[in-house]
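What follows is a single structure, written as structure tokens, with notes after it.
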Amino acid sequence: MHKRRDWVKWALGAFFALFLVFIYSPMILMGILSFQGAYGSITFPFRGPISLQWWQSIFDTSQPGSIATQVRDSGLQSLWLSLAAGAAVTLIAFTLSMAFRRNFRGSSVAFYVIMLALMTPGFLLGVGAQLFWRFLGQPTSLWHTALGTNAIWGIPFGFLVMLAVWNRYDRSIEEAARDLGADQKTTFREVTLPLIWTGLFGCFLFGFTLTWNDYDRTVLLLSGAEAVTLPVQIVGLTLTAAIRPDLYALGTATTLLTVTLIGVLLLIVTLRLRFRTTPVHTVEEELGIAEELRTDGPVEASG
């Protein structure tokens, strides 16, 4: 039985390793091919010598055939749109999840209505939004319609994250805070939010990354006069010009940007939690009245 368990463990470990290779090898290969020389191709094998030429073409406008201007404009547009969508998804998913902390009549129907956007393919969601605004006679645009559609697509993901957070949340902590004299606003600000920040962070990441990588919903809701997002710009470059390794450099750069952003946010939150407060040893210190008691002097016991 022991040998059989070891065989199963190694088999599952090998399967997990193959799964990681399947997921991450395209990104690693894309990064390797982005360092090819002037005769680089979009297919393997690597054609040297090693060069930063294709990386320079996405940042330096003086390079021949540079796409730096398009990348900069569309990248900034995608960044601001993704930040706005992340904030919207966080706010809406959090407030929706608050209603489900207690059972109410029609909660099952409301849950599936919220999940409807998740069960609908993204392209169909974009088509439906486009037809809806056209039926109302309203023009579509990046900030008026594409932002809302991307937020709707991300809300179910953030909502499920918050439901998981509330599922393991201990309500007795809030009751203890109210018993110690904290009002509802203070309890929410000082007790509830610090305990559920991971869920809010997850909501924001879902809203940000889904919008940052979106193409099929955004492309249907753009007007021709406005700047496009980075995914739409990349598809446009592949259709209007020959595919070159500079797109590999651009894909690697955007991946590194996302990973760096997540790492920085995690570092900031970790440092904040570590240095936020000092340990307390008494109830008076917890309530912030220790200094007042020391100022007033000892309290005489009444007979």
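Each chain of the structure tokens is named A, B, ... in the order shown, its residues numbered from 1; ligands are numbered from 1 in display order.
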
Using DSSP secondary structure from the backbone, list all helix (DSSP H, G or I) positions within range 25-266 of chain A, as a count of residues only.
170

Excluding Leu221 in chain A and its own-chain neighbours fewer than 3 positions away, which residues fall within 9 Å of it when counting only C-alpha atoms? Please give them as a PyMOL selection string.
chain A and resi 126-127+129-130+139-142+145-146+149+217-218

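Residues in contact with Thr69 in chain A at 12 Å, where only C-alpha atoms are counted and same-chain residues fewer than 5 positions away are skipped, are listed as Ser57, Ile58, Phe59, Asp60, Thr61, Ser62, Gln63, Ser74, Gly75, Leu76, Ala227, Leu230 and Gln233 of chain A.
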
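Residues with any atom within 12 Å of range 119-125 of chain A, counting only C-alpha atoms and excluding same-chain neighbours fewer than 6 positions away, are Tyr112, Val113, Leu131, Phe132, Thr145, Ala146, Gly148, Thr149, Asn150, Ala151, Ile152, Trp153, Gly154, Pro156, Phe157, Leu210, Thr211, Asp214, Tyr215, Asp216, Arg217, Thr218, Val219, Leu220 and Leu221 of chain A.
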
Spatial neighbours of Leu193 in chain A, 12 Å, only C-alpha atoms, chain gap at least 5 places, as an MDAnalysis selection string:
chainID A and resid 94 165:166 169 174 185:188 198:201

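One finds CA of Leu91 in chain A at 27.8 Å from CA of Gly181 in chain A.
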
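When only C-alpha atoms are used to measure the gap to Gln138 in chain A, the shortest distance among A:Ala176, A:Leu18, A:Ser223, A:Arg274 belongs to A:Ser223.
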
Could you list, as a short mmCIF file (atom, residue, chain, number, x, y, z; two decimals) with C-alpha atoms, in the first residue's frame, every residue within 10 Å of range 95-100 of chain A, counting only C-alpha atoms and ignoring same-chain residues fewer than 4 positions away?
data_model
loop_
_atom_site.label_atom_id
_atom_site.label_comp_id
_atom_site.auth_asym_id
_atom_site.auth_seq_id
_atom_site.Cartn_x
_atom_site.Cartn_y
_atom_site.Cartn_z
CA VAL A 89 -15.67 45.65 -10.24
CA THR A 90 -14.33 45.92 -6.68
CA LEU A 91 -17.02 48.36 -5.56
CA PHE A 104 -33.29 36.86 1.82
CA SER A 107 -31.52 35.23 -3.16
CA SER A 108 -31.20 32.18 -5.43
CA ALA A 110 -30.47 37.07 -7.69
CA PHE A 111 -27.38 34.85 -7.53
CA ILE A 114 -25.37 37.96 -11.28
CA ILE A 155 -18.37 41.44 -11.63
CA PRO A 156 -19.24 37.70 -11.34
CA GLY A 158 -15.19 39.38 -8.04
CA PHE A 159 -18.57 38.40 -6.58
CA LEU A 160 -17.49 34.75 -6.25
CA VAL A 161 -14.24 35.87 -4.59
CA MET A 162 -16.15 37.90 -2.02
CA LEU A 163 -18.59 35.07 -1.34
CA ALA A 164 -15.63 32.83 -0.54
CA VAL A 165 -14.28 35.50 1.82
CA TRP A 166 -17.60 35.94 3.61
#

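Distance annotation: of A:Ile234, A:Ala11, A:Leu136, A:Ala68, the residue with the minimal separation from Asn213 in chain A is A:Ile234; atom set is only C-alpha atoms.
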
Quick one, how far is CA of Trp55 in chain A from CA of Leu83 in chain A?
25.4 Å

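Excluding range 267-270 of chain A itself and same-chain residues fewer than 5 positions from it, the residues having an atom within 12 Å of it are A:Pro194, A:Trp197, A:Thr198, A:Leu200, A:Phe201, A:Thr260, A:Leu261, A:Ile262, A:Phe275, A:Arg276, counting only C-alpha atoms.
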
To one decimal place, how far is CA of Ile173 in chain A from CA of Leu266 in chain A in Å?
25.0 Å

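Candidate residues A:Trp133, A:Phe204, A:Trp54, A:Trp212 were compared for distance to Ser34 in chain A, and the nearest is A:Trp54, using only C-alpha atoms.
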